[in-house]
$ cat run-v5.cif   # mmCIF, C-alpha atoms
data_my_file
loop_
_atom_site.group_PDB
_atom_site.id
_atom_site.type_symbol
_atom_site.label_atom_id
_atom_site.label_comp_id
_atom_site.auth_asym_id
_atom_site.auth_seq_id
_atom_site.Cartn_x
_atom_site.Cartn_y
_atom_site.Cartn_z
ATOM 1 C CA MET A 989 151.436 69.921 129.577
ATOM 2 C CA ALA A 990 150.653 66.702 127.697
ATOM 3 C CA ASN A 991 147.117 65.981 128.808
ATOM 4 C CA VAL A 992 145.139 69.110 129.523
ATOM 5 C CA LEU A 993 141.373 68.861 129.607
ATOM 6 C CA PRO A 994 140.142 71.057 126.713
ATOM 7 C CA GLU A 995 137.217 72.302 128.815
ATOM 8 C CA VAL A 996 139.674 74.182 131.041
ATOM 9 C CA ALA A 997 139.825 76.817 128.286
ATOM 10 C CA ASN A 998 136.155 77.607 129.022
ATOM 11 C CA VAL A 999 137.062 78.653 132.574
ATOM 12 C CA TYR A 1000 140.301 80.452 131.679
ATOM 13 C CA TRP A 1001 139.904 82.866 134.614
ATOM 14 C CA ARG A 1002 140.208 80.083 137.171
ATOM 15 C CA PRO A 1003 143.684 79.112 138.344
ATOM 16 C CA ARG A 1004 144.370 75.411 137.889
ATOM 17 C CA VAL A 1005 143.522 73.426 140.984
ATOM 18 C CA THR A 1006 146.453 71.978 142.875
ATOM 19 C CA ASP A 1007 146.815 70.158 146.157
ATOM 20 C CA GLY A 1008 147.931 73.424 147.750
ATOM 21 C CA SER A 1009 144.994 75.420 146.358
ATOM 22 C CA LEU A 1010 142.573 72.775 147.637
ATOM 23 C CA ARG A 1011 144.096 73.076 151.116
ATOM 24 C CA ARG A 1012 143.675 76.860 150.980
ATOM 25 C CA VAL A 1013 140.101 76.572 149.751
ATOM 26 C CA GLY A 1014 139.337 74.116 152.540
ATOM 27 C CA ARG A 1015 140.675 76.511 155.154
ATOM 28 C CA LEU A 1016 138.644 79.366 153.624
ATOM 29 C CA TRP A 1017 135.458 77.294 153.786
ATOM 30 C CA THR A 1018 136.113 76.523 157.442
ATOM 31 C CA LEU A 1019 136.818 80.176 158.143
ATOM 32 C CA SER A 1020 133.673 81.213 156.304
ATOM 33 C CA SER A 1021 131.550 78.713 158.276
ATOM 34 C CA VAL A 1022 132.958 80.040 161.547
ATOM 35 C CA ALA A 1023 132.356 83.612 160.401
ATOM 36 C CA HIS A 1024 128.733 82.772 159.610
ATOM 37 C CA ALA A 1025 128.074 80.905 162.830
ATOM 38 C CA LEU A 1026 130.043 82.927 165.359
ATOM 39 C CA PRO A 1027 127.836 86.068 165.372
ATOM 40 C CA PHE A 1028 124.777 83.932 166.067
ATOM 41 C CA VAL A 1029 126.536 82.073 168.878
ATOM 42 C CA ALA A 1030 127.690 85.369 170.348
ATOM 43 C CA GLY A 1031 124.171 86.730 169.975
ATOM 44 C CA ALA A 1032 122.747 83.679 171.725
ATOM 45 C CA VAL A 1033 125.140 84.121 174.640
ATOM 46 C CA ALA A 1034 124.359 87.838 174.902
ATOM 47 C CA LEU A 1035 120.601 87.252 174.796
ATOM 48 C CA GLY A 1036 120.834 84.402 177.286
ATOM 49 C CA LEU A 1037 122.758 86.573 179.708
ATOM 50 C CA ALA A 1038 120.523 89.610 179.176
ATOM 51 C CA ALA A 1039 117.304 88.167 180.578
ATOM 52 C CA PRO A 1040 115.724 84.747 181.030
ATOM 53 C CA ILE A 1041 112.810 85.832 178.857
ATOM 54 C CA MET A 1042 115.225 86.087 175.940
ATOM 55 C CA LEU A 1043 116.236 82.423 176.178
ATOM 56 C CA PRO A 1044 113.932 81.282 173.331
ATOM 57 C CA PHE A 1045 115.532 83.892 171.067
ATOM 58 C CA ALA A 1046 118.962 82.725 172.186
ATOM 59 C CA ALA A 1047 117.952 79.186 171.243
ATOM 60 C CA LEU A 1048 116.808 80.435 167.837
ATOM 61 C CA CYS A 1049 120.204 82.034 167.309
ATOM 62 C CA LEU A 1050 121.923 78.760 168.134
ATOM 63 C CA VAL A 1051 119.680 76.902 165.698
ATOM 64 C CA HIS A 1052 120.598 79.452 163.058
ATOM 65 C CA ALA A 1053 124.312 79.024 163.797
ATOM 66 C CA TRP A 1054 123.910 75.268 163.353
ATOM 67 C CA ALA A 1055 121.724 75.495 160.270
ATOM 68 C CA ILE A 1056 123.937 77.631 158.047
ATOM 69 C CA PRO A 1057 126.763 75.089 157.604
ATOM 70 C CA GLU A 1058 124.137 72.361 157.374
ATOM 71 C CA LEU A 1059 122.479 74.108 154.432
ATOM 72 C CA TYR A 1060 125.811 74.381 152.658
ATOM 73 C CA ALA A 1061 126.492 70.698 153.315
ATOM 74 C CA ALA A 1062 123.050 69.787 151.998
ATOM 75 C CA ARG A 1063 123.794 71.714 148.820
ATOM 76 C CA GLY A 1064 127.049 69.780 148.480
ATOM 77 C CA ALA A 1065 125.373 66.435 149.045
ATOM 78 C CA ARG A 1066 122.784 67.212 146.360
ATOM 79 C CA SER A 1067 125.586 67.213 143.774
ATOM 80 C CA VAL A 1068 125.643 63.400 143.768
ATOM 81 C CA LYS A 1069 121.910 62.875 144.056
ATOM 82 C CA PRO A 1070 120.634 60.500 141.330
ATOM 83 C CA ARG A 1071 118.967 62.569 138.599
ATOM 84 C CA SER A 1072 117.186 60.056 136.428
ATOM 85 C CA ALA A 1073 115.843 56.536 136.547
ATOM 86 C CA SER A 1074 117.994 53.754 135.182
ATOM 87 C CA GLY A 1075 117.025 50.383 133.773
ATOM 88 C CA ALA A 1076 116.114 51.273 130.191
ATOM 89 C CA GLU A 1077 118.055 49.653 127.368
ATOM 90 C CA PRO A 1078 120.441 52.587 126.719
ATOM 91 C CA GLU A 1079 121.357 52.543 130.392
ATOM 92 C CA GLN A 1080 122.193 48.844 130.226
ATOM 93 C CA VAL A 1081 124.414 49.497 127.189
ATOM 94 C CA ALA A 1082 126.102 52.424 128.956
ATOM 95 C CA LEU A 1083 126.558 50.323 132.074
ATOM 96 C CA GLY A 1084 128.421 47.736 130.004
ATOM 97 C CA LEU A 1085 130.861 50.334 128.710
ATOM 98 C CA LEU A 1086 131.361 51.861 132.141
ATOM 99 C CA GLY A 1087 131.969 48.402 133.597
ATOM 100 C CA ASP A 1088 134.683 47.801 131.008
ATOM 101 C CA LEU A 1089 136.513 50.925 132.150
ATOM 102 C CA VAL A 1090 136.946 49.888 135.779
ATOM 103 C CA ASP A 1091 137.972 46.952 137.928
ATOM 104 C CA HIS A 1092 135.716 44.613 139.830
ATOM 105 C CA VAL A 1093 135.596 46.507 143.146
ATOM 106 C CA PRO A 1094 134.551 49.918 141.734
ATOM 107 C CA ARG A 1095 132.064 48.153 139.460
ATOM 108 C CA GLU A 1096 130.449 46.397 142.420
ATOM 109 C CA LEU A 1097 130.334 49.586 144.457
ATOM 110 C CA TYR A 1098 128.735 51.412 141.539
ATOM 111 C CA ALA A 1099 126.092 48.716 141.181
ATOM 112 C CA GLN A 1100 125.246 49.083 144.870
ATOM 113 C CA THR A 1101 125.489 52.852 145.275
ATOM 114 C CA GLY A 1102 125.309 54.568 141.866
ATOM 115 C CA LEU A 1103 128.626 56.277 142.574
ATOM 116 C CA MET A 1104 131.896 55.418 140.855
ATOM 117 C CA ILE A 1105 135.013 55.433 142.995
ATOM 118 C CA GLU A 1106 138.324 56.515 141.479
ATOM 119 C CA ARG A 1107 141.585 57.172 143.250
ATOM 120 C CA GLY A 1108 143.437 60.300 142.157
ATOM 121 C CA ARG A 1109 146.410 62.400 143.200
ATOM 122 C CA LEU A 1110 144.181 64.938 144.952
ATOM 123 C CA GLY A 1111 142.266 62.305 146.895
ATOM 124 C CA VAL A 1112 139.587 59.703 146.300
ATOM 125 C CA TRP A 1113 136.737 60.676 143.983
ATOM 126 C CA LEU A 1114 133.143 59.542 143.946
ATOM 127 C CA LEU A 1115 131.472 60.321 140.650
ATOM 128 C CA GLY A 1116 127.740 60.645 140.158
ATOM 129 C CA GLU A 1117 125.630 61.648 137.180
ATOM 130 C CA ALA A 1118 125.951 65.371 137.709
ATOM 131 C CA GLY A 1119 128.507 65.833 140.402
ATOM 132 C CA ALA A 1120 131.455 64.476 142.293
ATOM 133 C CA LEU A 1121 132.757 64.196 145.818
ATOM 134 C CA LEU A 1122 136.460 64.408 146.533
ATOM 135 C CA LEU A 1123 137.661 62.836 149.758
ATOM 136 C CA ARG A 1124 140.853 64.615 150.598
ATOM 137 C CA PRO A 1125 143.794 62.578 151.936
ATOM 138 C CA GLY A 1126 142.936 61.337 155.406
ATOM 139 C CA GLY A 1127 139.239 61.260 154.535
ATOM 140 C CA ARG A 1128 138.125 63.939 156.988
ATOM 141 C CA ARG A 1129 137.327 66.655 154.469
ATOM 142 C CA VAL A 1130 135.003 66.322 151.490
ATOM 143 C CA ASN A 1131 134.804 68.683 148.545
ATOM 144 C CA CYS A 1132 131.503 68.545 146.674
ATOM 145 C CA TYR A 1133 131.483 69.523 143.009
ATOM 146 C CA CYS A 1134 128.740 70.151 140.479
ATOM 147 C CA VAL A 1135 129.945 68.924 137.101
ATOM 148 C CA LYS A 1136 128.227 67.111 134.281
ATOM 149 C CA ALA A 1137 128.432 65.983 130.696
ATOM 150 C CA THR A 1138 126.790 68.403 128.298
ATOM 151 C CA GLY A 1139 124.099 67.141 125.971
ATOM 152 C CA ALA A 1140 120.612 65.926 126.719
ATOM 153 C CA GLY A 1141 119.332 62.380 126.893
ATOM 154 C CA LEU A 1142 122.479 60.604 127.996
ATOM 155 C CA PRO A 1143 121.840 57.548 130.195
ATOM 156 C CA PRO A 1144 123.041 57.887 133.828
ATOM 157 C CA SER A 1145 125.992 55.503 133.444
ATOM 158 C CA ASP A 1146 127.084 57.323 130.306
ATOM 159 C CA ARG A 1147 127.152 60.558 132.291
ATOM 160 C CA VAL A 1148 129.305 58.890 134.934
ATOM 161 C CA ALA A 1149 131.604 57.479 132.234
ATOM 162 C CA HIS A 1150 132.013 60.971 130.782
ATOM 163 C CA LEU A 1151 133.136 62.291 134.157
ATOM 164 C CA LEU A 1152 135.386 59.295 134.801
ATOM 165 C CA LEU A 1153 137.211 59.672 131.501
ATOM 166 C CA ALA A 1154 137.574 63.433 131.893
ATOM 167 C CA LEU A 1155 138.934 62.883 135.405
ATOM 168 C CA ARG A 1156 141.425 60.318 134.162
ATOM 169 C CA THR A 1157 142.559 62.634 131.377
ATOM 170 C CA ASP A 1158 143.404 65.550 133.654
ATOM 171 C CA GLU A 1159 142.451 65.401 137.330
ATOM 172 C CA SER A 1160 143.571 68.920 138.084
ATOM 173 C CA GLY A 1161 141.726 70.244 135.041
ATOM 174 C CA PHE A 1162 138.624 68.304 136.051
ATOM 175 C CA ALA A 1163 138.642 69.922 139.500
ATOM 176 C CA THR A 1164 139.165 73.311 137.830
ATOM 177 C CA VAL A 1165 136.197 72.944 135.483
ATOM 178 C CA ALA A 1166 133.871 71.621 138.208
ATOM 179 C CA ASN A 1167 132.021 74.094 140.416
ATOM 180 C CA LEU A 1168 132.789 73.697 144.093
ATOM 181 C CA ALA A 1169 129.505 73.555 146.027
ATOM 182 C CA PHE A 1170 130.861 72.747 149.474
ATOM 183 C CA SER A 1171 134.041 71.895 151.306
ATOM 184 C CA GLY A 1172 133.827 70.647 154.841
ATOM 185 C CA ALA A 1173 133.682 67.795 157.284
ATOM 186 C CA ARG A 1174 132.814 64.364 155.943
ATOM 187 C CA TRP A 1175 130.341 63.731 158.736
ATOM 188 C CA ARG A 1176 128.404 66.842 157.796
ATOM 189 C CA VAL A 1177 127.971 65.721 154.177
ATOM 190 C CA ARG A 1178 127.400 62.095 155.131
ATOM 191 C CA ARG A 1179 124.281 62.947 157.134
ATOM 192 C CA ARG A 1180 122.723 64.460 154.011
ATOM 193 C CA LEU A 1181 123.418 61.566 151.645
ATOM 194 C CA THR A 1182 121.171 58.655 150.807
ATOM 195 C CA ALA A 1183 122.019 55.314 152.445
ATOM 196 C CA PRO A 1184 123.737 53.888 149.315
ATOM 197 C CA ALA A 1185 125.748 57.082 148.849
ATOM 198 C CA ARG A 1186 126.818 56.933 152.502
ATOM 199 C CA LYS A 1187 128.170 53.449 151.845
ATOM 200 C CA ALA A 1188 130.194 54.785 148.905
ATOM 201 C CA LEU A 1189 131.462 57.675 151.004
ATOM 202 C CA ASP A 1190 132.600 55.272 153.733
ATOM 203 C CA ALA A 1191 134.411 53.137 151.163
ATOM 204 C CA ALA A 1192 136.115 56.223 149.741
ATOM 205 C CA ALA A 1193 137.114 57.381 153.238
ATOM 206 C CA ARG A 1194 138.813 54.045 153.871
ATOM 207 C CA LEU A 1195 140.865 54.539 150.715
ATOM 208 C CA ALA A 1196 141.647 58.226 151.243
ATOM 209 C CA MET B 1118 139.870 44.504 115.843
ATOM 210 C CA SER B 1119 139.994 48.085 117.135
ATOM 211 C CA ARG B 1120 136.822 50.080 117.766
ATOM 212 C CA LEU B 1121 135.789 53.720 117.688
ATOM 213 C CA ILE B 1122 132.979 54.240 120.211
ATOM 214 C CA ARG B 1123 130.820 57.287 120.761
ATOM 215 C CA MET B 1124 129.010 57.722 124.088
ATOM 216 C CA ASP B 1125 125.516 58.934 123.242
ATOM 217 C CA GLN B 1126 121.805 58.620 124.030
ATOM 218 C CA THR B 1127 121.793 54.946 123.071
ATOM 219 C CA GLY B 1128 124.429 54.076 125.673
ATOM 220 C CA HIS B 1129 127.157 53.933 123.110
ATOM 221 C CA THR B 1130 127.474 53.483 119.369
ATOM 222 C CA THR B 1131 130.305 51.743 117.562
ATOM 223 C CA LEU B 1132 131.139 54.075 114.682
ATOM 224 C CA ALA B 1133 133.991 52.154 113.134
ATOM 225 C CA GLU B 1134 136.017 49.005 113.464
ATOM 226 C CA TRP B 1135 139.412 48.553 111.932
ATOM 227 C CA THR B 1136 142.625 46.592 111.886
ATOM 228 C CA VAL B 1137 146.041 48.005 111.136
ATOM 229 C CA ASP B 1138 146.412 45.440 108.351
ATOM 230 C CA ASP B 1139 143.317 46.696 106.583
ATOM 231 C CA PRO B 1140 143.952 50.216 105.216
ATOM 232 C CA VAL B 1141 140.379 50.596 103.937
ATOM 233 C CA SER B 1142 138.814 50.032 107.362
ATOM 234 C CA ALA B 1143 141.460 52.233 108.991
ATOM 235 C CA GLU B 1144 140.777 55.022 106.510
ATOM 236 C CA ALA B 1145 137.043 54.812 107.171
ATOM 237 C CA ALA B 1146 137.724 54.938 110.911
ATOM 238 C CA VAL B 1147 139.923 58.022 110.523
ATOM 239 C CA ALA B 1148 137.195 59.730 108.507
ATOM 240 C CA ALA B 1149 134.545 58.881 111.129
ATOM 241 C CA PHE B 1150 136.892 60.060 113.867
ATOM 242 C CA ARG B 1151 137.451 63.451 112.225
ATOM 243 C CA THR B 1152 133.746 63.945 111.607
ATOM 244 C CA GLU B 1153 132.975 63.412 115.298
ATOM 245 C CA LEU B 1154 135.745 65.763 116.397
ATOM 246 C CA GLU B 1155 134.339 68.425 114.102
ATOM 247 C CA GLN B 1156 130.974 67.961 115.788
ATOM 248 C CA GLY B 1157 132.452 68.798 119.167
ATOM 249 C CA TYR B 1158 133.320 65.394 120.587
ATOM 250 C CA TYR B 1159 136.586 64.752 122.393
ATOM 251 C CA ALA B 1160 138.466 61.524 121.814
ATOM 252 C CA LEU B 1161 140.451 59.573 124.327
ATOM 253 C CA VAL B 1162 142.018 56.267 125.105
ATOM 254 C CA SER B 1163 141.651 54.895 128.618
ATOM 255 C CA HIS B 1164 144.704 53.254 130.156
ATOM 256 C CA GLY B 1165 143.053 51.942 133.326
ATOM 257 C CA GLU B 1166 142.617 53.556 136.750
ATOM 258 C CA GLY B 1167 143.719 57.152 136.858
ATOM 259 C CA GLN B 1168 144.913 57.359 133.279
ATOM 260 C CA ALA B 1169 143.364 58.379 130.010
ATOM 261 C CA GLU B 1170 144.938 60.062 127.057
ATOM 262 C CA GLN B 1171 143.277 62.786 125.041
ATOM 263 C CA VAL B 1172 143.942 62.210 121.332
ATOM 264 C CA ARG B 1173 143.471 64.461 118.311
ATOM 265 C CA GLU B 1174 144.477 61.906 115.727
ATOM 266 C CA LEU B 1175 143.082 58.396 115.669
ATOM 267 C CA PRO B 1176 145.650 56.074 117.250
ATOM 268 C CA LEU B 1177 145.381 53.081 114.959
ATOM 269 C CA ASP B 1178 147.128 50.795 117.446
ATOM 270 C CA ALA B 1179 144.618 51.448 120.258
ATOM 271 C CA SER B 1180 142.040 48.753 120.893
ATOM 272 C CA VAL B 1181 139.257 51.171 121.873
ATOM 273 C CA VAL B 1182 138.975 54.898 121.230
ATOM 274 C CA ILE B 1183 136.108 56.612 123.034
ATOM 275 C CA LEU B 1184 134.383 59.816 122.011
ATOM 276 C CA ARG B 1185 132.793 61.910 124.735
ATOM 277 C CA ARG B 1186 130.833 65.132 124.999
ATOM 278 C CA PRO B 1187 132.435 68.100 126.791
ATOM 279 C CA ILE B 1188 131.845 68.455 130.511
ATOM 280 C CA ALA B 1189 130.953 71.646 132.357
ATOM 281 C CA GLY B 1190 130.451 72.839 135.892
ATOM 282 C CA GLY B 1191 126.806 72.471 136.890
#
$ encode --input "run-v5.cif" --output "structure tokens"
Amino acid sequence: MANVLPEVANVYWRPRVTDGSLRRVGRLWTLSSVAHALPFVAGAVALGLAAPIMLPFAALCLVHAWAIPELYAARGARSVKPRSASGAEPEQVALGLLGDLVDHVPRELYAQTGLMIERGRLGVWLLGEAGALLLRPGGRRVNCYCVKATGAGLPPSDRVAHLLLALRTDESGFATVANLAFSGARWRVRRRLTAPARKALDAAARLA
Amino acid sequence: MSRLIRMDQTGHTTLAEWTVDDPVSAEAAVAAFRTELEQGYYALVSHGEGQAEQVRELPLDASVVILRRPIAGG
């Protein structure tokens, strides 16, 4: 393979991510969410039918069934949360380099949202300082990844540029190195994002 | 004029500039390139959306060669 991300060697036990493996992982996440929620829903029904006095406990079970996937989605959304303040001189320098790497539209979106959009073979990516979202084709499913440049003190835009260049080098390798934090419905992640990040997610969904 | 850029705490630093016609500047750039690789940086050339090429030898015909730190799952 001509362009393999060298960092893949650090996670040698992971099979390389492919479109097929992402589909399987997505189905497993859905199955896992159902498996987590279903017992609580069943419990709520059983308690509700058992006696009216148990209705508050049934309601608690339903809340629990709802909350578990929400907590996972919140964890996924945190992967693209801004980590550090920008505006200092190194950040302006880094922003210039990052701007040179992309076209006008992604540059504008980054200025507005702090997330860099990049179309790949596996879907449309949104890159943050310490994580990435992958909108799968069709835009209904989002995979949330925790991945970052090593080394302290890098300006935010430099961190994004690191991820962008690694992604461009080897998309499959990039997805292999990154840690998957969540895979699920776009609407579930969207609710947990900041307003600017939601705008970026919507733009990515239109492209996906 | 080609440039060797390292992404670092300052935003980025230009480590070397060279032209193919000037062997002295090219030699200095190759030396700087190797030093950075030895320190754990990866070098690449971006070819626009969706494409970048990892390089282990300095491509003297590239206009910009970028050095980056490794990435890791968070």
$ resolve_selection --input "run-v5.cif" --expression "the PyMOL selection byres ((chain B) within 12 of (chain A))" --output "ChimeraX atom specification"
/B:1122-1131,1157-1173,1181-1191
$ atom_distance --input "run-v5.cif" --atom1 "CA of Ala1053 (chain A)" --atom2 "CA of Ala1023 (chain A)"
9.9 Å
$ resolve_selection --input "run-v5.cif" --expression "the PyMOL selection byres ((chain A and resi 1114) around 6)" --output "list in words"
Leu1103, Met1104, Ile1105, Trp1113, Leu1115, Ala1120 and Leu1121 of chain A
$ write_last_selection --input "run-v5.cif" --atoms "C-alpha atoms" --output "tab-separated table (two decimals), in the coordinates of the input"
chain	number	residue	atom	x	y	z
A	1103	LEU	CA	128.63	56.28	142.57
A	1104	MET	CA	131.90	55.42	140.85
A	1105	ILE	CA	135.01	55.43	143.00
A	1113	TRP	CA	136.74	60.68	143.98
A	1115	LEU	CA	131.47	60.32	140.65
A	1120	ALA	CA	131.46	64.48	142.29
A	1121	LEU	CA	132.76	64.20	145.82
$ resolve_selection --input "run-v5.cif" --expression "the PyMOL selection byres ((chain B and resi 1134) around 7)" --output "PyMOL selection string"
chain B and resi 1118-1121+1133+1135+1142+1146
$ atom_distance --input "run-v5.cif" --atom1 "CA of Ala1062 (chain A)" --atom2 "CA of Gly1116 (chain A)"
15.7 Å
$ atom_distance --input "run-v5.cif" --atom1 "CA of Leu1175 (chain B)" --atom2 "CA of Arg1151 (chain B)"
8.3 Å
$ residues_near_point --input "run-v5.cif" --point "(141.6, 57.0, 114.3)" --cutoff "6 Å" --atoms "all atoms listed in the file" --output "PyMOL selection string"
chain B and resi 1146-1147+1150+1174-1177
$ closest_residue --input "run-v5.cif" --among "A:Val1093, A:Val1148, A:Leu1019, A:Leu1010" --to "Leu1110 (chain A)" --atoms "all atoms listed in the file"
A:Leu1010
$ residues_around --input "run-v5.cif" --residues "Ser1020 (chain A)" --least-positions-apart "5" --cutoff "12 Å" --atoms "all atoms listed in the file" --output "JSON, numbers by chain"
{"A": [1013, 1014, 1015, 1025, 1026, 1027, 1056, 1057, 1060, 1170, 1171, 1172]}
$ write_last_selection --input "run-v5.cif" --atoms "C-alpha atoms" --output "mmCIF file, in the coordinates of the input"
data_model
loop_
_atom_site.group_PDB
_atom_site.id
_atom_site.type_symbol
_atom_site.label_atom_id
_atom_site.label_comp_id
_atom_site.auth_asym_id
_atom_site.auth_seq_id
_atom_site.Cartn_x
_atom_site.Cartn_y
_atom_site.Cartn_z
ATOM 1 C CA VAL A 1013 140.101 76.572 149.751
ATOM 2 C CA GLY A 1014 139.337 74.116 152.540
ATOM 3 C CA ARG A 1015 140.675 76.511 155.154
ATOM 4 C CA ALA A 1025 128.074 80.905 162.830
ATOM 5 C CA LEU A 1026 130.043 82.927 165.359
ATOM 6 C CA PRO A 1027 127.836 86.068 165.372
ATOM 7 C CA ILE A 1056 123.937 77.631 158.047
ATOM 8 C CA PRO A 1057 126.763 75.089 157.604
ATOM 9 C CA TYR A 1060 125.811 74.381 152.658
ATOM 10 C CA PHE A 1170 130.861 72.747 149.474
ATOM 11 C CA SER A 1171 134.041 71.895 151.306
ATOM 12 C CA GLY A 1172 133.827 70.647 154.841
#
$ decode --input "run-v5.cif" --residues "region 1152-1177 of chain B" --atoms "N, CA and C atoms" --output "PDB file, in the first residue's frame"
ATOM      1  N   THR B1152      16.920  15.658   9.939  1.00  0.00           N
ATOM      2  CA  THR B1152      16.979  15.925  11.387  1.00  0.00           C
ATOM      3  C   THR B1152      15.583  15.852  11.996  1.00  0.00           C
ATOM      4  N   GLU B1153      14.613  16.451  11.330  1.00  0.00           N
ATOM      5  CA  GLU B1153      13.240  16.463  11.863  1.00  0.00           C
ATOM      6  C   GLU B1153      12.639  15.058  11.871  1.00  0.00           C
ATOM      7  N   LEU B1154      12.923  14.307  10.822  1.00  0.00           N
ATOM      8  CA  LEU B1154      12.413  12.921  10.778  1.00  0.00           C
ATOM      9  C   LEU B1154      12.989  12.088  11.923  1.00  0.00           C
ATOM     10  N   GLU B1155      14.253  12.331  12.200  1.00  0.00           N
ATOM     11  CA  GLU B1155      14.902  11.609  13.311  1.00  0.00           C
ATOM     12  C   GLU B1155      14.275  11.984  14.653  1.00  0.00           C
ATOM     13  N   GLN B1156      13.727  13.191  14.721  1.00  0.00           N
ATOM     14  CA  GLN B1156      13.107  13.629  15.972  1.00  0.00           C
ATOM     15  C   GLN B1156      11.637  13.206  16.085  1.00  0.00           C
ATOM     16  N   GLY B1157      11.193  12.423  15.129  1.00  0.00           N
ATOM     17  CA  GLY B1157       9.848  11.851  15.251  1.00  0.00           C
ATOM     18  C   GLY B1157       8.775  12.524  14.424  1.00  0.00           C
ATOM     19  N   TYR B1158       9.149  13.501  13.624  1.00  0.00           N
ATOM     20  CA  TYR B1158       8.154  14.149  12.760  1.00  0.00           C
ATOM     21  C   TYR B1158       7.895  13.290  11.522  1.00  0.00           C
ATOM     22  N   TYR B1159       6.702  13.437  10.973  1.00  0.00           N
ATOM     23  CA  TYR B1159       6.371  12.814   9.696  1.00  0.00           C
ATOM     24  C   TYR B1159       6.268  13.914   8.647  1.00  0.00           C
ATOM     25  N   ALA B1160       6.718  13.599   7.447  1.00  0.00           N
ATOM     26  CA  ALA B1160       6.706  14.604   6.383  1.00  0.00           C
ATOM     27  C   ALA B1160       5.683  14.238   5.333  1.00  0.00           C
ATOM     28  N   LEU B1161       5.040  15.260   4.810  1.00  0.00           N
ATOM     29  CA  LEU B1161       4.075  14.991   3.739  1.00  0.00           C
ATOM     30  C   LEU B1161       3.910  16.184   2.825  1.00  0.00           C
ATOM     31  N   VAL B1162       3.356  15.873   1.682  1.00  0.00           N
ATOM     32  CA  VAL B1162       3.045  16.893   0.687  1.00  0.00           C
ATOM     33  C   VAL B1162       1.545  16.810   0.441  1.00  0.00           C
ATOM     34  N   SER B1163       0.864  17.931   0.601  1.00  0.00           N
ATOM     35  CA  SER B1163      -0.583  17.943   0.374  1.00  0.00           C
ATOM     36  C   SER B1163      -0.867  18.200  -1.092  1.00  0.00           C
ATOM     37  N   HIS B1164      -1.816  17.418  -1.631  1.00  0.00           N
ATOM     38  CA  HIS B1164      -2.191  17.589  -3.042  1.00  0.00           C
ATOM     39  C   HIS B1164      -3.639  18.053  -3.157  1.00  0.00           C
ATOM     40  N   GLY B1165      -4.118  18.806  -2.194  1.00  0.00           N
ATOM     41  CA  GLY B1165      -5.500  19.295  -2.242  1.00  0.00           C
ATOM     42  C   GLY B1165      -6.446  18.351  -1.544  1.00  0.00           C
ATOM     43  N   GLU B1166      -7.770  18.604  -1.685  1.00  0.00           N
ATOM     44  CA  GLU B1166      -8.778  17.864  -0.927  1.00  0.00           C
ATOM     45  C   GLU B1166      -8.615  16.351  -1.101  1.00  0.00           C
ATOM     46  N   GLY B1167      -8.563  15.683   0.037  1.00  0.00           N
ATOM     47  CA  GLY B1167      -8.545  14.233   0.032  1.00  0.00           C
ATOM     48  C   GLY B1167      -7.222  13.585  -0.303  1.00  0.00           C
ATOM     49  N   GLN B1168      -6.194  14.361  -0.546  1.00  0.00           N
ATOM     50  CA  GLN B1168      -4.935  13.739  -0.972  1.00  0.00           C
ATOM     51  C   GLN B1168      -3.717  14.385  -0.333  1.00  0.00           C
ATOM     52  N   ALA B1169      -2.938  13.538   0.308  1.00  0.00           N
ATOM     53  CA  ALA B1169      -1.625  13.974   0.792  1.00  0.00           C
ATOM     54  C   ALA B1169      -0.707  12.777   0.674  1.00  0.00           C
ATOM     55  N   GLU B1170       0.541  13.059   0.469  1.00  0.00           N
ATOM     56  CA  GLU B1170       1.499  11.977   0.259  1.00  0.00           C
ATOM     57  C   GLU B1170       2.548  12.004   1.358  1.00  0.00           C
ATOM     58  N   GLN B1171       2.672  10.870   2.026  1.00  0.00           N
ATOM     59  CA  GLN B1171       3.710  10.723   3.050  1.00  0.00           C
ATOM     60  C   GLN B1171       5.052  10.555   2.337  1.00  0.00           C
ATOM     61  N   VAL B1172       6.062  11.300   2.740  1.00  0.00           N
ATOM     62  CA  VAL B1172       7.367  11.180   2.079  1.00  0.00           C
ATOM     63  C   VAL B1172       8.466  10.894   3.102  1.00  0.00           C
ATOM     64  N   ARG B1173       9.441  10.117   2.692  1.00  0.00           N
ATOM     65  CA  ARG B1173      10.564   9.786   3.581  1.00  0.00           C
ATOM     66  C   ARG B1173      11.867  10.403   3.090  1.00  0.00           C
ATOM     67  N   GLU B1174      11.815  10.870   1.857  1.00  0.00           N
ATOM     68  CA  GLU B1174      12.934  11.639   1.309  1.00  0.00           C
ATOM     69  C   GLU B1174      12.377  12.983   0.869  1.00  0.00           C
ATOM     70  N   LEU B1175      13.153  14.020   0.997  1.00  0.00           N
ATOM     71  CA  LEU B1175      12.652  15.347   0.645  1.00  0.00           C
ATOM     72  C   LEU B1175      12.414  15.435  -0.868  1.00  0.00           C
ATOM     73  N   PRO B1176      11.174  15.657  -1.279  1.00  0.00           N
ATOM     74  CA  PRO B1176      10.931  15.821  -2.717  1.00  0.00           C
ATOM     75  C   PRO B1176      11.314  17.242  -3.133  1.00  0.00           C
ATOM     76  N   LEU B1177      12.398  17.362  -3.823  1.00  0.00           N
ATOM     77  CA  LEU B1177      12.943  18.691  -4.127  1.00  0.00           C
ATOM     78  C   LEU B1177      12.045  19.485  -5.074  1.00  0.00           C
TER      79      LEU B1177
END
